[in-house]
Amino acid sequence: MTALDLSVITHNLNYLLVKGLGLTIELTMICAAAGLVLGGVLAVLRLYGPAWLRLSVAAYVNLIRSIPLLLVIFWFYFLVPYVIAWVTRAPNPVQLNAFVSAMVTFTLFEACYYCEILRAGLQSISTGQKFAAQALGLSQIDVMRCVLLPQALKSVTPILMLQIIVLFQDISLVYVLSLTDFVGAATQLAQQQNRLVEVYLFVALVYFVICFSATKGIRHLQLRLANQ
Amino acid sequence: MNYRWDWAVFYDISADGTSTYLQNMFAGMGWTIATAIVSTILALAIGVVVGLMRVSQSRSIRALGAAYVEVFRDIPLLVQMFVWFFVVPELLPSAIGTWIKGLTYGPFITAALSLGLYAAARVAEQTRAAIQALPTGQLMAALALGLKRSTAFRTVILPQALRIIVPPLTSEIVNIVKNTSLGMTIGMMELTARAREMQESSFHTFEAFLAATAGYLAINLVIISVMRLSERRLGKSKKPAPIAILNQEVLS
């Protein structure tokens, strides 16, 4: 065992944290926001849509949730170019760059998990709420928008936020698309300088500090919400 | 669209020159299942112990259990695997490190070990939640009958708690199967890796990925059926509300 040499970290902090971790955080925020919107739409369709739509949403959500994320990443990486070519009637598959592909993949993937969380939230609201809103003369959409969704969102906010932390950790898998996210940047650096020990320990520590404090914060919020 | 489907490609000899793609896919599935089994056993054994530590009377043992859960939950599994594979052998005395690096099934052992330790943190949380969900009267009554605390846990608390964790455990085992795919990043030729390999050498992308998808669905279907059966054998436990299940799934 050789002594740890931390200069490889201190000299490359900018590359690791700004470029690498920056990309991870950027992807997390984009996909969490887009996934939440899409997940909300899926949840409403799955609960209140016509039968064929309910079934297809359920099939999609269950399929994505039962295969590994790595396989989902590969699926979308190779499938989306064909879908775009089909939609735009291009003769050949339209190759996306890895960043856009990861963005699309994680949005569609996270939407499934958000859909399930929101569905549980919507189902936990007593049916009286819906009937009362209808009795007051609110339209179908207003019942959803002003009465049901706000209450569902409030009850599942802590779970949604914990799911964002899970997403933040899952983003590390874009490594297989050779993107320079935090793990990707670290791997490049580690192999270039032959300093795997220091670099990977640093990566683990940074992830731990971020996720640990974020989880603690969310639990705090959850307690406050529960005590209200 | 000009994708040319050809299912006969599975009978072609793969890039290694000896086995067909079909044989490779089944070999990959074998590694996936083997890893999942070893990881599940590890996760259950360690998870239940850590879960018990978290409800211990001793403050320091509780803290130790909590530390385990936090460390293994707050670092992405991919990073944990890299740490076990690339970092730990370097930190050990060099003779042991060299021996570990020379192991034939190094990637398999590393993947199964890191996945097992990772899943154990989640099983620990499920065990703790289940124990805390039991009415406190159960423990008090057992103690009042003169049972030692350890006997009370072994014969009264744990049997009931384990019954409660069967449903969340099912989704945890499905998670373990899915997460075995991360083994490919340290060179284990499991199902996803085999599909990727076939895609790269035969260019039949969608046949390869469809086969892998079917493989995972088949494994997960078996797990869910077996667990349903064992749930019925163990007797019906009261089904918690969907939101409680979700809470447990995401929080644990």
# chains A, B, ... in the order shown; residues from 1 in each chain; ligands from 1
>>> residues_around(residues="Phe182 of chain A", least_positions_apart="5", cutoff="10 Å", atoms="only C-alpha atoms", output="PyMOL selection string")
chain A and resi 15-25+171-172+174-175+187+203+206-207
>>> write_last_selection(atoms="N, CA and C atoms", output="PDB file, in the first residue's frame")
ATOM      1  N   TYR A  15     -12.170  20.524 -12.464  1.00  0.00           N
ATOM      2  CA  TYR A  15     -12.649  19.524 -13.420  1.00  0.00           C
ATOM      3  C   TYR A  15     -13.652  18.580 -12.759  1.00  0.00           C
ATOM      4  N   LEU A  16     -13.302  18.119 -11.548  1.00  0.00           N
ATOM      5  CA  LEU A  16     -14.165  17.152 -10.875  1.00  0.00           C
ATOM      6  C   LEU A  16     -15.485  17.762 -10.442  1.00  0.00           C
ATOM      7  N   LEU A  17     -15.407  18.898  -9.754  1.00  0.00           N
ATOM      8  CA  LEU A  17     -16.627  19.428  -9.129  1.00  0.00           C
ATOM      9  C   LEU A  17     -17.427  20.307 -10.075  1.00  0.00           C
ATOM     10  N   VAL A  18     -16.749  21.207 -10.826  1.00  0.00           N
ATOM     11  CA  VAL A  18     -17.518  22.118 -11.682  1.00  0.00           C
ATOM     12  C   VAL A  18     -18.003  21.391 -12.923  1.00  0.00           C
ATOM     13  N   LYS A  19     -17.094  20.722 -13.621  1.00  0.00           N
ATOM     14  CA  LYS A  19     -17.489  20.051 -14.855  1.00  0.00           C
ATOM     15  C   LYS A  19     -18.253  18.757 -14.546  1.00  0.00           C
ATOM     16  N   GLY A  20     -17.657  17.893 -13.732  1.00  0.00           N
ATOM     17  CA  GLY A  20     -18.257  16.583 -13.478  1.00  0.00           C
ATOM     18  C   GLY A  20     -19.514  16.661 -12.648  1.00  0.00           C
ATOM     19  N   LEU A  21     -19.353  17.106 -11.405  1.00  0.00           N
ATOM     20  CA  LEU A  21     -20.509  17.171 -10.508  1.00  0.00           C
ATOM     21  C   LEU A  21     -21.549  18.157 -11.042  1.00  0.00           C
ATOM     22  N   GLY A  22     -21.049  19.224 -11.704  1.00  0.00           N
ATOM     23  CA  GLY A  22     -21.969  20.205 -12.301  1.00  0.00           C
ATOM     24  C   GLY A  22     -22.907  19.534 -13.285  1.00  0.00           C
ATOM     25  N   LEU A  23     -22.354  18.684 -14.144  1.00  0.00           N
ATOM     26  CA  LEU A  23     -23.183  17.995 -15.138  1.00  0.00           C
ATOM     27  C   LEU A  23     -24.187  17.064 -14.455  1.00  0.00           C
ATOM     28  N   THR A  24     -23.718  16.374 -13.399  1.00  0.00           N
ATOM     29  CA  THR A  24     -24.624  15.483 -12.666  1.00  0.00           C
ATOM     30  C   THR A  24     -25.797  16.270 -12.093  1.00  0.00           C
ATOM     31  N   ILE A  25     -25.492  17.424 -11.478  1.00  0.00           N
ATOM     32  CA  ILE A  25     -26.554  18.219 -10.866  1.00  0.00           C
ATOM     33  C   ILE A  25     -27.480  18.791 -11.937  1.00  0.00           C
ATOM     34  N   ILE A 171     -27.971   8.917 -11.676  1.00  0.00           N
ATOM     35  CA  ILE A 171     -27.353   9.596 -12.809  1.00  0.00           C
ATOM     36  C   ILE A 171     -25.925   9.081 -13.025  1.00  0.00           C
ATOM     37  N   SER A 172     -25.300   8.549 -11.959  1.00  0.00           N
ATOM     38  CA  SER A 172     -23.933   8.053 -12.095  1.00  0.00           C
ATOM     39  C   SER A 172     -23.821   7.000 -13.200  1.00  0.00           C
ATOM     40  N   VAL A 174     -24.816   7.177 -16.192  1.00  0.00           N
ATOM     41  CA  VAL A 174     -24.558   7.698 -17.544  1.00  0.00           C
ATOM     42  C   VAL A 174     -23.091   7.494 -17.903  1.00  0.00           C
ATOM     43  N   TYR A 175     -22.313   7.083 -16.914  1.00  0.00           N
ATOM     44  CA  TYR A 175     -20.934   6.663 -17.131  1.00  0.00           C
ATOM     45  C   TYR A 175     -20.821   5.705 -18.320  1.00  0.00           C
ATOM     46  N   THR A 187     -13.378   8.959 -13.336  1.00  0.00           N
ATOM     47  CA  THR A 187     -12.751   7.788 -13.943  1.00  0.00           C
ATOM     48  C   THR A 187     -11.676   8.196 -14.941  1.00  0.00           C
ATOM     49  N   VAL A 203     -14.737  10.671  -4.564  1.00  0.00           N
ATOM     50  CA  VAL A 203     -16.083  10.630  -5.163  1.00  0.00           C
ATOM     51  C   VAL A 203     -17.090  10.079  -4.154  1.00  0.00           C
ATOM     52  N   VAL A 206     -17.811  12.688  -1.441  1.00  0.00           N
ATOM     53  CA  VAL A 206     -18.650  13.807  -1.884  1.00  0.00           C
ATOM     54  C   VAL A 206     -20.108  13.363  -1.996  1.00  0.00           C
ATOM     55  N   TYR A 207     -20.333  12.205  -2.627  1.00  0.00           N
ATOM     56  CA  TYR A 207     -21.707  11.703  -2.735  1.00  0.00           C
ATOM     57  C   TYR A 207     -22.313  11.533  -1.342  1.00  0.00           C
TER      58      TYR A 207
END
>>> closest_atom_pairs(of="chain A", to="chain B", cutoff="6 Å", atoms="only C-alpha atoms", output="tab-separated table")
residue	atom	partner	partner_atom	distance
A:Met1	CA	B:Leu91	CA	5.6
A:Pro68	CA	B:Lys178	CA	4.3
A:Ala120	CA	B:Ile243	CA	5.4
A:Gln169	CA	B:Pro76	CA	5.0
A:Val197	CA	B:Val87	CA	4.7
A:Ala204	CA	B:Ile75	CA	6.0
A:Tyr207	CA	B:Ile75	CA	5.5
A:Phe208	CA	B:Asp74	CA	5.0
A:Cys211	CA	B:Asp74	CA	5.3
A:Phe212	CA	B:Asp74	CA	5.9
>>> closest_residue(among="A:Leu69, A:Leu36, A:Val147, A:Leu79", to="Leu118 of chain A", atoms="only C-alpha atoms")
A:Leu36
>>> select_by_dssp(residues="segment 32-238 of chain B", states="alpha helix (DSSP H)", output="PDB file with C-alpha atoms, in the first residue's frame")
ATOM      1  CA  THR B  32     -27.238 -12.631 -13.230  1.00  0.00           C
ATOM      2  CA  ILE B  33     -29.110 -15.276 -11.237  1.00  0.00           C
ATOM      3  CA  ALA B  34     -25.988 -16.462  -9.382  1.00  0.00           C
ATOM      4  CA  THR B  35     -25.091 -12.905  -8.362  1.00  0.00           C
ATOM      5  CA  ALA B  36     -28.645 -12.199  -7.287  1.00  0.00           C
ATOM      6  CA  ILE B  37     -28.804 -15.318  -5.109  1.00  0.00           C
ATOM      7  CA  VAL B  38     -25.505 -14.646  -3.320  1.00  0.00           C
ATOM      8  CA  SER B  39     -26.409 -10.960  -2.836  1.00  0.00           C
ATOM      9  CA  THR B  40     -29.855 -11.793  -1.505  1.00  0.00           C
ATOM     10  CA  ILE B  41     -28.467 -14.195   1.087  1.00  0.00           C
ATOM     11  CA  LEU B  42     -25.884 -11.608   2.181  1.00  0.00           C
ATOM     12  CA  ALA B  43     -28.479  -8.832   2.250  1.00  0.00           C
ATOM     13  CA  LEU B  44     -30.886 -10.876   4.379  1.00  0.00           C
ATOM     14  CA  ALA B  45     -28.243 -12.070   6.844  1.00  0.00           C
ATOM     15  CA  ILE B  46     -26.594  -8.685   7.342  1.00  0.00           C
ATOM     16  CA  GLY B  47     -29.796  -6.695   6.945  1.00  0.00           C
ATOM     17  CA  VAL B  48     -31.687  -8.454   9.734  1.00  0.00           C
ATOM     18  CA  VAL B  49     -28.700  -8.116  12.095  1.00  0.00           C
ATOM     19  CA  VAL B  50     -28.294  -4.402  11.351  1.00  0.00           C
ATOM     20  CA  GLY B  51     -32.062  -3.953  11.669  1.00  0.00           C
ATOM     21  CA  LEU B  52     -31.908  -5.524  15.142  1.00  0.00           C
ATOM     22  CA  MET B  53     -28.960  -3.278  16.029  1.00  0.00           C
ATOM     23  CA  ARG B  59     -27.077   3.691  22.359  1.00  0.00           C
ATOM     24  CA  SER B  60     -23.728   2.884  20.747  1.00  0.00           C
ATOM     25  CA  ILE B  61     -25.031  -0.234  18.988  1.00  0.00           C
ATOM     26  CA  ARG B  62     -27.983   1.786  17.651  1.00  0.00           C
ATOM     27  CA  ALA B  63     -25.565   4.424  16.360  1.00  0.00           C
ATOM     28  CA  LEU B  64     -23.430   1.753  14.709  1.00  0.00           C
ATOM     29  CA  GLY B  65     -26.469   0.328  12.921  1.00  0.00           C
ATOM     30  CA  ALA B  66     -27.552   3.788  11.801  1.00  0.00           C
ATOM     31  CA  ALA B  67     -24.029   4.522  10.516  1.00  0.00           C
ATOM     32  CA  TYR B  68     -24.065   1.327   8.439  1.00  0.00           C
ATOM     33  CA  VAL B  69     -27.380   2.243   6.849  1.00  0.00           C
ATOM     34  CA  GLU B  70     -26.344   5.819   6.082  1.00  0.00           C
ATOM     35  CA  VAL B  71     -22.980   4.899   4.562  1.00  0.00           C
ATOM     36  CA  PHE B  72     -24.354   2.210   2.261  1.00  0.00           C
ATOM     37  CA  ARG B  73     -27.424   4.183   1.291  1.00  0.00           C
ATOM     38  CA  LEU B  77     -24.013   1.570  -5.964  1.00  0.00           C
ATOM     39  CA  LEU B  78     -21.759   2.142  -8.985  1.00  0.00           C
ATOM     40  CA  VAL B  79     -19.285   4.085  -6.836  1.00  0.00           C
ATOM     41  CA  GLN B  80     -19.463   1.431  -4.113  1.00  0.00           C
ATOM     42  CA  MET B  81     -18.610  -1.238  -6.668  1.00  0.00           C
ATOM     43  CA  PHE B  82     -15.664   0.785  -7.951  1.00  0.00           C
ATOM     44  CA  VAL B  88      -9.988  -1.868  -1.361  1.00  0.00           C
ATOM     45  CA  PRO B  89      -7.374  -4.293  -2.818  1.00  0.00           C
ATOM     46  CA  GLU B  90      -4.888  -1.386  -2.878  1.00  0.00           C
ATOM     47  CA  LEU B  91      -5.516  -0.486   0.747  1.00  0.00           C
ATOM     48  CA  SER B  94       0.035  -5.945  -0.764  1.00  0.00           C
ATOM     49  CA  ALA B  95       0.159  -9.757  -0.571  1.00  0.00           C
ATOM     50  CA  ILE B  96      -3.596  -9.974   0.065  1.00  0.00           C
ATOM     51  CA  GLY B  97      -4.277  -7.248  -2.492  1.00  0.00           C
ATOM     52  CA  THR B  98      -2.385  -9.114  -5.208  1.00  0.00           C
ATOM     53  CA  TRP B  99      -4.159 -12.345  -4.318  1.00  0.00           C
ATOM     54  CA  ILE B 100      -7.557 -10.618  -4.579  1.00  0.00           C
ATOM     55  CA  LYS B 101      -6.714  -9.029  -7.916  1.00  0.00           C
ATOM     56  CA  GLY B 106     -13.014 -11.357  -9.039  1.00  0.00           C
ATOM     57  CA  PRO B 107     -15.752  -9.341 -10.766  1.00  0.00           C
ATOM     58  CA  PHE B 108     -18.437 -11.803  -9.678  1.00  0.00           C
ATOM     59  CA  ILE B 109     -17.275 -11.841  -6.048  1.00  0.00           C
ATOM     60  CA  THR B 110     -16.967  -8.063  -5.950  1.00  0.00           C
ATOM     61  CA  ALA B 111     -20.349  -7.491  -7.576  1.00  0.00           C
ATOM     62  CA  ALA B 112     -22.148  -9.973  -5.315  1.00  0.00           C
ATOM     63  CA  LEU B 113     -20.452  -8.613  -2.195  1.00  0.00           C
ATOM     64  CA  SER B 114     -21.032  -4.920  -2.888  1.00  0.00           C
ATOM     65  CA  LEU B 115     -24.606  -5.500  -4.028  1.00  0.00           C
ATOM     66  CA  GLY B 116     -25.285  -7.613  -0.922  1.00  0.00           C
ATOM     67  CA  LEU B 117     -23.891  -4.984   1.443  1.00  0.00           C
ATOM     68  CA  TYR B 118     -25.814  -2.243  -0.364  1.00  0.00           C
ATOM     69  CA  ALA B 119     -29.126  -4.118  -0.255  1.00  0.00           C
ATOM     70  CA  ALA B 120     -28.509  -5.047   3.399  1.00  0.00           C
ATOM     71  CA  ALA B 121     -28.885  -1.382   4.351  1.00  0.00           C
ATOM     72  CA  ARG B 122     -32.338  -1.379   2.782  1.00  0.00           C
ATOM     73  CA  VAL B 123     -33.341  -4.706   4.339  1.00  0.00           C
ATOM     74  CA  ALA B 124     -32.172  -3.310   7.701  1.00  0.00           C
ATOM     75  CA  GLU B 125     -34.562  -0.387   7.363  1.00  0.00           C
ATOM     76  CA  GLN B 126     -37.416  -2.715   6.449  1.00  0.00           C
ATOM     77  CA  THR B 127     -36.654  -4.931   9.439  1.00  0.00           C
ATOM     78  CA  ARG B 128     -36.511  -1.946  11.779  1.00  0.00           C
ATOM     79  CA  ALA B 129     -39.772  -0.542  10.421  1.00  0.00           C
ATOM     80  CA  ALA B 130     -41.446  -3.939  10.788  1.00  0.00           C
ATOM     81  CA  ILE B 131     -40.282  -4.369  14.398  1.00  0.00           C
ATOM     82  CA  GLN B 132     -41.431  -0.875  15.273  1.00  0.00           C
ATOM     83  CA  ALA B 133     -44.779  -1.513  13.577  1.00  0.00           C
ATOM     84  CA  THR B 136     -45.252  -2.724  22.017  1.00  0.00           C
ATOM     85  CA  GLY B 137     -47.451  -5.049  24.079  1.00  0.00           C
ATOM     86  CA  GLN B 138     -45.900  -8.022  22.272  1.00  0.00           C
ATOM     87  CA  LEU B 139     -42.444  -7.390  23.713  1.00  0.00           C
ATOM     88  CA  MET B 140     -43.792  -6.389  27.125  1.00  0.00           C
ATOM     89  CA  ALA B 141     -45.953  -9.506  27.379  1.00  0.00           C
ATOM     90  CA  ALA B 142     -43.023 -11.704  26.363  1.00  0.00           C
ATOM     91  CA  LEU B 143     -40.792 -10.071  28.981  1.00  0.00           C
ATOM     92  CA  ALA B 144     -43.526 -10.306  31.607  1.00  0.00           C
ATOM     93  CA  ARG B 149     -34.855 -10.174  25.878  1.00  0.00           C
ATOM     94  CA  SER B 150     -32.908 -12.231  23.328  1.00  0.00           C
ATOM     95  CA  THR B 151     -35.419 -15.103  23.509  1.00  0.00           C
ATOM     96  CA  ALA B 152     -38.315 -12.678  23.245  1.00  0.00           C
ATOM     97  CA  LEU B 158     -38.755 -11.543  14.744  1.00  0.00           C
ATOM     98  CA  PRO B 159     -41.202 -14.190  13.470  1.00  0.00           C
ATOM     99  CA  GLN B 160     -43.931 -11.550  13.335  1.00  0.00           C
ATOM    100  CA  ALA B 161     -41.664  -8.870  11.889  1.00  0.00           C
ATOM    101  CA  LEU B 162     -40.370 -11.145   9.132  1.00  0.00           C
ATOM    102  CA  ARG B 163     -43.952 -11.825   8.088  1.00  0.00           C
ATOM    103  CA  ILE B 164     -44.521  -8.093   7.634  1.00  0.00           C
ATOM    104  CA  VAL B 166     -42.242 -10.219   2.900  1.00  0.00           C
ATOM    105  CA  PRO B 167     -43.948  -7.725   0.522  1.00  0.00           C
ATOM    106  CA  PRO B 168     -41.220  -5.032   0.694  1.00  0.00           C
ATOM    107  CA  LEU B 169     -38.642  -7.817   0.530  1.00  0.00           C
ATOM    108  CA  THR B 170     -40.125  -8.967  -2.769  1.00  0.00           C
ATOM    109  CA  SER B 171     -39.509  -5.592  -4.349  1.00  0.00           C
ATOM    110  CA  GLU B 172     -36.050  -5.547  -2.775  1.00  0.00           C
ATOM    111  CA  ILE B 173     -35.122  -8.863  -4.390  1.00  0.00           C
ATOM    112  CA  VAL B 174     -36.416  -7.572  -7.728  1.00  0.00           C
ATOM    113  CA  ASN B 175     -34.184  -4.534  -7.153  1.00  0.00           C
ATOM    114  CA  ILE B 176     -31.223  -6.800  -6.481  1.00  0.00           C
ATOM    115  CA  VAL B 177     -31.792  -8.641  -9.761  1.00  0.00           C
ATOM    116  CA  LYS B 178     -31.956  -5.343 -11.632  1.00  0.00           C
ATOM    117  CA  ASN B 179     -28.854  -4.027  -9.896  1.00  0.00           C
ATOM    118  CA  LEU B 191     -27.209 -10.502 -19.082  1.00  0.00           C
ATOM    119  CA  THR B 192     -26.999  -6.776 -19.903  1.00  0.00           C
ATOM    120  CA  ALA B 193     -23.306  -7.091 -20.745  1.00  0.00           C
ATOM    121  CA  ARG B 194     -24.050 -10.015 -23.073  1.00  0.00           C
ATOM    122  CA  ALA B 195     -26.796  -8.052 -24.823  1.00  0.00           C
ATOM    123  CA  ARG B 196     -24.456  -5.098 -25.241  1.00  0.00           C
ATOM    124  CA  GLU B 197     -21.715  -7.367 -26.564  1.00  0.00           C
ATOM    125  CA  MET B 198     -24.088  -8.934 -29.080  1.00  0.00           C
ATOM    126  CA  GLN B 199     -25.286  -5.491 -30.156  1.00  0.00           C
ATOM    127  CA  GLU B 200     -21.717  -4.331 -30.735  1.00  0.00           C
ATOM    128  CA  SER B 201     -20.611  -7.303 -32.791  1.00  0.00           C
ATOM    129  CA  SER B 202     -23.784  -8.239 -34.688  1.00  0.00           C
ATOM    130  CA  THR B 205     -29.479  -4.025 -31.442  1.00  0.00           C
ATOM    131  CA  PHE B 206     -33.137  -4.623 -30.820  1.00  0.00           C
ATOM    132  CA  GLU B 207     -33.093  -8.415 -30.944  1.00  0.00           C
ATOM    133  CA  ALA B 208     -30.308  -8.351 -28.340  1.00  0.00           C
ATOM    134  CA  PHE B 209     -32.045  -5.881 -26.019  1.00  0.00           C
ATOM    135  CA  LEU B 210     -35.423  -7.577 -26.416  1.00  0.00           C
ATOM    136  CA  ALA B 211     -33.859 -10.886 -25.406  1.00  0.00           C
ATOM    137  CA  ALA B 212     -32.276  -9.309 -22.325  1.00  0.00           C
ATOM    138  CA  THR B 213     -35.547  -7.590 -21.421  1.00  0.00           C
ATOM    139  CA  ALA B 214     -37.408 -10.898 -21.707  1.00  0.00           C
ATOM    140  CA  GLY B 215     -34.739 -12.532 -19.524  1.00  0.00           C
ATOM    141  CA  TYR B 216     -35.176  -9.985 -16.721  1.00  0.00           C
ATOM    142  CA  LEU B 217     -38.968 -10.141 -16.951  1.00  0.00           C
ATOM    143  CA  ALA B 218     -38.837 -13.935 -16.664  1.00  0.00           C
ATOM    144  CA  ILE B 219     -36.559 -13.841 -13.600  1.00  0.00           C
ATOM    145  CA  ASN B 220     -38.685 -11.196 -11.897  1.00  0.00           C
ATOM    146  CA  LEU B 221     -41.889 -13.071 -12.657  1.00  0.00           C
ATOM    147  CA  VAL B 222     -40.489 -16.162 -10.942  1.00  0.00           C
ATOM    148  CA  ILE B 223     -39.441 -14.123  -7.892  1.00  0.00           C
ATOM    149  CA  ILE B 224     -42.826 -12.456  -7.554  1.00  0.00           C
ATOM    150  CA  SER B 225     -44.679 -15.780  -7.849  1.00  0.00           C
ATOM    151  CA  VAL B 226     -42.435 -17.521  -5.300  1.00  0.00           C
ATOM    152  CA  MET B 227     -42.777 -14.635  -2.849  1.00  0.00           C
ATOM    153  CA  ARG B 228     -46.571 -14.555  -3.284  1.00  0.00           C
ATOM    154  CA  LEU B 229     -46.636 -18.229  -2.480  1.00  0.00           C
ATOM    155  CA  SER B 230     -44.492 -17.817   0.625  1.00  0.00           C
ATOM    156  CA  GLU B 231     -46.652 -14.893   1.676  1.00  0.00           C
ATOM    157  CA  ARG B 232     -49.680 -17.161   1.533  1.00  0.00           C
ATOM    158  CA  ARG B 233     -47.825 -19.918   3.408  1.00  0.00           C
TER     159      ARG B 233
END
>>> atom_distance(atom1="atom CA of Leu167 of chain A", atom2="atom CA of Pro93 of chain A")
28.7 Å
